[in-house]
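Note sheet for the following structure.
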Amino acid sequence: MTERVALISGGSGGIGREIALSFVKENIRVVLLSRSEDKLNKVVEELNRQGERAEYIIGDVCNLHDISEAIEKIHSKYGKLDILVNCAGGGPVGGIQKITDEEWIQNISVKQLGYIRLTREALPLLIQSGQASIINIIGVFGKQPSKDFIIGSVTNAALMAFTKAVADDMAKYGIRVNAINPGATNTELWKETLKDLAADSELSPEQINQNIADLSPMHRIAEAKDIANLASFLISDKAEFITGISINVDGGTYSGI
Ligand SMILES: NC(=O)c1ccc[n+]([C@@H]2O[C@H](COP(=O)([O-])OP(=O)(O)OC[C@H]3O[C@@H](n4cnc5c(N)ncnc54)[C@H](OP(=O)(O)O)[C@@H]3O)[C@@H](O)[C@H]2O)c1
């Protein structure tokens, strides 16, 4: 098969779906991995209006068996994997005094271990590709920690270190590994986050959204398409000498240099 094959965890969510849409438009076959069949079905139907290039596998990235089975299915159907996008995740709002032990364990299991396990299990197929690309959708709090999003801050910093270490290790197989750090991005996850923030505030979700948008010199939050545009670049030949980095897509909200 000459077409590239991509696996996208969290492919039924806001950012994953938009990345999948960009990929199918570039004639890449996409396999979406997440838990809810209803959501997967809806997104795959939509993607297949662009040509029959999308399918899904139901699985929980907290479950090693689900991950191994997904990789095995891709192996037996396509015999290869060229692109892995780790995107399944999310995280609750809260600081050190609010976040419970269960919430820490849950988030580490989904986002940290989820990305780590899926990457490790996919490597044998990615190595065979000869010019594979891994993209980790992480988040800008990993670079600029927030006291109000402590889980996202800790998990994201860990995943940036993971991205760099795997990039260094896998370059010998022609695998490039990069991260995208979205700032606030207009998805269901963000809408839920705004509701949680509003519950502890006198402001409405809309007012909070505007205040956060105004932290950017461009005065808006990201759309999922902004993240997908960078993903398309990172998997392209134009990025053939780029590996081990993380790029913010936050309209300049991050205040470091
Ligand atoms: N939106 C933002 O503002 C923002 C900012 C920074 C970073 N990010 C990161 O970007 C990524 C995507 O976020 P999003 O905004 O697109 O969120 P979203 O719309 O809530 O989508 C999340 C996706 O992950 C899947 N998922 C969640 N838990 C899973 C599990 N245990 N196993 C398999 N799939 C699972 C969901 O499907 P099911 O629930 O059906 O499994 C869904 O497809 C996340 O890692 C998030 O932390 C988002």
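Going by the structure tokens order, chains are called A, B, ..., each with residues numbered from 1, while ligands are numbered from 1 in the order shown.
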Worksheet item: How would you write, as a ChimeraX atom specification, the set of residues no farther than 7 Å from ligand 1 when counting only C-alpha atoms and all ligand atoms?
Response: /A:9-16,33-37,39,59-62,87-91,110-111,137-140,181-190
Write a file of the just-selected residues containing N, CA and C atoms, as an mmCIF file, in the first residue's frame.
data_model
loop_
_atom_site.group_PDB
_atom_site.id
_atom_site.type_symbol
_atom_site.label_atom_id
_atom_site.label_comp_id
_atom_site.auth_asym_id
_atom_site.auth_seq_id
_atom_site.Cartn_x
_atom_site.Cartn_y
_atom_site.Cartn_z
ATOM 1 N N SER A 9 -5.259 8.609 18.539
ATOM 2 C CA SER A 9 -6.033 8.368 19.762
ATOM 3 C C SER A 9 -6.799 9.647 20.080
ATOM 4 N N GLY A 10 -8.005 9.485 20.625
ATOM 5 C CA GLY A 10 -8.841 10.669 20.861
ATOM 6 C C GLY A 10 -9.315 11.287 19.554
ATOM 7 N N GLY A 11 -9.371 10.466 18.510
ATOM 8 C CA GLY A 11 -9.711 10.969 17.172
ATOM 9 C C GLY A 11 -11.160 11.394 17.028
ATOM 10 N N SER A 12 -12.003 11.029 17.999
ATOM 11 C CA SER A 12 -13.416 11.450 17.910
ATOM 12 C C SER A 12 -13.642 12.782 18.618
ATOM 13 N N GLY A 13 -12.619 13.327 19.271
ATOM 14 C CA GLY A 13 -12.788 14.586 20.005
ATOM 15 C C GLY A 13 -12.498 15.792 19.126
ATOM 16 N N GLY A 14 -12.555 16.973 19.733
ATOM 17 C CA GLY A 14 -12.449 18.209 18.952
ATOM 18 C C GLY A 14 -11.170 18.320 18.152
ATOM 19 N N ILE A 15 -10.027 18.157 18.813
ATOM 20 C CA ILE A 15 -8.747 18.336 18.115
ATOM 21 C C ILE A 15 -8.438 17.119 17.243
ATOM 22 N N GLY A 16 -8.651 15.918 17.774
ATOM 23 C CA GLY A 16 -8.369 14.685 17.019
ATOM 24 C C GLY A 16 -9.169 14.609 15.730
ATOM 25 N N LEU A 33 -8.999 5.982 17.489
ATOM 26 C CA LEU A 33 -9.091 5.117 18.667
ATOM 27 C C LEU A 33 -9.633 5.928 19.839
ATOM 28 N N SER A 34 -10.804 5.529 20.347
ATOM 29 C CA SER A 34 -11.318 6.121 21.593
ATOM 30 C C SER A 34 -12.437 5.214 22.114
ATOM 31 N N ARG A 35 -13.148 5.653 23.169
ATOM 32 C CA ARG A 35 -14.061 4.719 23.859
ATOM 33 C C ARG A 35 -15.490 4.705 23.344
ATOM 34 N N SER A 36 -16.043 5.851 23.018
ATOM 35 C CA SER A 36 -17.475 5.885 22.694
ATOM 36 C C SER A 36 -17.714 5.576 21.215
ATOM 37 N N GLU A 37 -18.440 4.467 20.965
ATOM 38 C CA GLU A 37 -18.688 4.075 19.572
ATOM 39 C C GLU A 37 -19.579 5.099 18.871
ATOM 40 N N LYS A 39 -19.701 8.355 19.222
ATOM 41 C CA LYS A 39 -18.904 9.506 18.761
ATOM 42 C C LYS A 39 -18.013 9.094 17.590
ATOM 43 N N GLY A 59 -11.536 1.592 21.965
ATOM 44 C CA GLY A 59 -10.542 1.179 22.965
ATOM 45 C C GLY A 59 -10.286 2.279 23.970
ATOM 46 N N ASP A 60 -9.819 1.840 25.125
ATOM 47 C CA ASP A 60 -9.484 2.764 26.220
ATOM 48 C C ASP A 60 -7.961 2.783 26.340
ATOM 49 N N VAL A 61 -7.365 3.965 26.247
ATOM 50 C CA VAL A 61 -5.891 4.028 26.304
ATOM 51 C C VAL A 61 -5.339 3.732 27.702
ATOM 52 N N CYS A 62 -6.230 3.594 28.686
ATOM 53 C CA CYS A 62 -5.773 3.168 30.027
ATOM 54 C C CYS A 62 -5.569 1.656 30.065
ATOM 55 N N CYS A 87 -3.555 11.862 21.266
ATOM 56 C CA CYS A 87 -4.425 13.036 21.509
ATOM 57 C C CYS A 87 -5.482 12.752 22.572
ATOM 58 N N ALA A 88 -5.627 11.496 23.007
ATOM 59 C CA ALA A 88 -6.696 11.166 23.976
ATOM 60 C C ALA A 88 -6.318 11.713 25.344
ATOM 61 N N GLY A 89 -7.147 12.594 25.838
ATOM 62 C CA GLY A 89 -6.825 13.127 27.163
ATOM 63 C C GLY A 89 -7.783 14.208 27.588
ATOM 64 N N GLY A 90 -7.336 14.978 28.515
ATOM 65 C CA GLY A 90 -8.148 16.024 29.132
ATOM 66 C C GLY A 90 -7.638 16.137 30.553
ATOM 67 N N GLY A 91 -8.276 16.932 31.358
ATOM 68 C CA GLY A 91 -7.824 17.026 32.741
ATOM 69 C C GLY A 91 -8.683 18.006 33.510
ATOM 70 N N VAL A 110 -4.547 8.097 31.892
ATOM 71 C CA VAL A 110 -5.038 8.378 30.522
ATOM 72 C C VAL A 110 -3.965 9.094 29.704
ATOM 73 N N LYS A 111 -3.499 10.212 30.223
ATOM 74 C CA LYS A 111 -2.684 11.055 29.333
ATOM 75 C C LYS A 111 -1.199 10.673 29.368
ATOM 76 N N ILE A 137 -0.051 15.567 21.256
ATOM 77 C CA ILE A 137 -0.815 16.790 21.541
ATOM 78 C C ILE A 137 -0.736 16.994 23.052
ATOM 79 N N ILE A 138 0.016 17.996 23.459
ATOM 80 C CA ILE A 138 0.307 18.128 24.895
ATOM 81 C C ILE A 138 -0.457 19.335 25.468
ATOM 82 N N GLY A 139 0.134 20.502 25.508
ATOM 83 C CA GLY A 139 -0.582 21.647 26.090
ATOM 84 C C GLY A 139 0.408 22.624 26.700
ATOM 85 N N VAL A 140 0.096 23.907 26.569
ATOM 86 C CA VAL A 140 1.050 24.956 26.880
ATOM 87 C C VAL A 140 1.360 25.059 28.381
ATOM 88 N N ASN A 181 1.604 22.105 21.442
ATOM 89 C CA ASN A 181 1.030 22.594 22.694
ATOM 90 C C ASN A 181 -0.108 23.544 22.400
ATOM 91 N N PRO A 182 -1.344 23.029 22.420
ATOM 92 C CA PRO A 182 -2.452 23.971 22.248
ATOM 93 C C PRO A 182 -2.583 24.846 23.483
ATOM 94 N N GLY A 183 -2.942 26.110 23.268
ATOM 95 C CA GLY A 183 -3.495 26.904 24.355
ATOM 96 C C GLY A 183 -4.975 26.563 24.420
ATOM 97 N N ALA A 184 -5.763 27.383 25.088
ATOM 98 C CA ALA A 184 -7.219 27.136 25.147
ATOM 99 C C ALA A 184 -7.750 26.962 23.727
ATOM 100 N N THR A 185 -8.434 25.838 23.492
ATOM 101 C CA THR A 185 -8.890 25.510 22.141
ATOM 102 C C THR A 185 -10.379 25.169 22.182
ATOM 103 N N ASN A 186 -11.108 25.721 21.252
ATOM 104 C CA ASN A 186 -12.567 25.632 21.242
ATOM 105 C C ASN A 186 -13.069 24.215 20.915
ATOM 106 N N THR A 187 -13.177 23.379 21.961
ATOM 107 C CA THR A 187 -13.680 22.001 21.820
ATOM 108 C C THR A 187 -14.641 21.728 22.983
ATOM 109 N N GLU A 188 -15.238 20.532 22.971
ATOM 110 C CA GLU A 188 -16.125 20.146 24.089
ATOM 111 C C GLU A 188 -15.369 20.196 25.413
ATOM 112 N N LEU A 189 -14.127 19.745 25.386
ATOM 113 C CA LEU A 189 -13.309 19.753 26.614
ATOM 114 C C LEU A 189 -13.193 21.177 27.157
ATOM 115 N N TRP A 190 -12.972 22.129 26.264
ATOM 116 C CA TRP A 190 -12.827 23.525 26.698
ATOM 117 C C TRP A 190 -14.150 24.070 27.246
#
Discussion item. Residues near Ile135 in chain A, anyone? I mean within 9 Å using only C-alpha atoms, not counting same-chain ones fewer than 2 positions away, as a PyMOL selection string.
Written reply: chain A and resi 83-87+133+137+163+176-180+231+234-235
Worksheet item: How would you write, as a PyMOL selection string, the set of residues in range 83-248 of chain A that DSSP gives as strand (DSSP E)?
Response: chain A and resi 83-86+133-137+176-182+246-248
Practice prompt. Would you mind listing what lies within 9 Å of Phe149 in chain A as an MDAnalysis selection string, with only C-alpha atoms counted and same-chain residues fewer than 5 positions away left out?
Written response: chainID A and resid 91:96 141 154
Practice prompt. Give me the residues within 9 Å of Ile212 in chain A as an MDAnalysis selection string, counting only C-alpha atoms and dropping any in the same chain fewer than 5 places off.
Written response: chainID A and resid 184 207 219:221 253
Discussion item. Nearest residue to Asn248 in chain A out of A:Gly114, A:Pro217, A:Gly142, A:Pro205, using only C-alpha atoms?
Written reply: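 Closest to Asn248 in chain A, using only C-alpha atoms: A:Gly142.
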Worksheet item: Using the chain letters and numbers from this document, which residues of range 177-242 of chain A does DSSP assign to alpha helix (DSSP H), as number ranges by chain?
Response: A: 188-199, 205-213, 224-234
Worksheet item: Residues at most 10 Å from Ala20 in chain A, counting only C-alpha atoms, excluding those fewer than 3 positions away in the same chain, as a PyMOL selection string?
Response: chain A and resi 6-8+11-12+15-17+23-26+28-32+43-44+47+53-54+85+228+231-232
Discussion item. I want to know what sits within 7 Å of Ser129 in chain A, based on only C-alpha atoms, with residues of the same chain fewer than 5 positions away left out; could you give that as an NGL selection string?
Written reply: :A and (80-82)
Taking C-alpha atoms for each residue, export the selection above as a PDB file, in the first residue's frame.
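Okay, this is what ended up in selection-v2.pdb:
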ATOM      1  CA  LYS A  80       2.189  -0.845   8.512  1.00  0.00           C
ATOM      2  CA  LEU A  81       1.776   2.386  10.426  1.00  0.00           C
ATOM      3  CA  ASP A  82       3.334   5.691   9.341  1.00  0.00           C
TER       4      ASP A  82
END
Worksheet item: For the atom pair CA of Gly174 in chain A and CA of Pro124 in chain A, what is the interatomic distance in Å to one decimal place?
Response: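 These two atoms are separated by 12.6 Å.
For the pair CA of Glu192 in chain A and CA of Asp66 in chain A, the interatomic distance is 26.8 Å.
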Item to complete: Find the spatial neighbours of Ser255 in chain A, counting only C-alpha atoms, within a cut-off of 10 Å - ignore same-chain residues fewer than 6 positions away - and output them as a list of chain:residue names.
Response: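 Counting only the stated atoms, we get A:Lys143, A:Gln144, A:Leu215, A:Ser216.
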With C-alpha atoms retained, write the just-selected residues as a PDB file, in the first residue's frame.
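What follows is the written file result09.pdb:
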ATOM      1  CA  LYS A 143       5.886  25.134  29.515  1.00  0.00           C
ATOM      2  CA  GLN A 144       4.112  27.677  31.689  1.00  0.00           C
ATOM      3  CA  LEU A 215      -4.453  37.014  27.367  1.00  0.00           C
ATOM      4  CA  SER A 216      -3.396  36.469  23.751  1.00  0.00           C
TER       5      SER A 216
END
Worksheet item: So how many Å separate CA of Thr155 in chain A and CA of Ile257 in chain A, to one decimal?
Response: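 One can read the CA of Thr155 in chain A to CA of Ile257 in chain A distance as 21.4 Å.
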Fill in: Proximity to Ser246 in chain A - best of A:Phe162, A:Asn48, A:Ala213, A:Ala199, only C-alpha atoms
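Of A:Phe162, A:Asn48, A:Ala213, A:Ala199, the one nearest Ser246 in chain A is A:Phe162, counting only C-alpha atoms.
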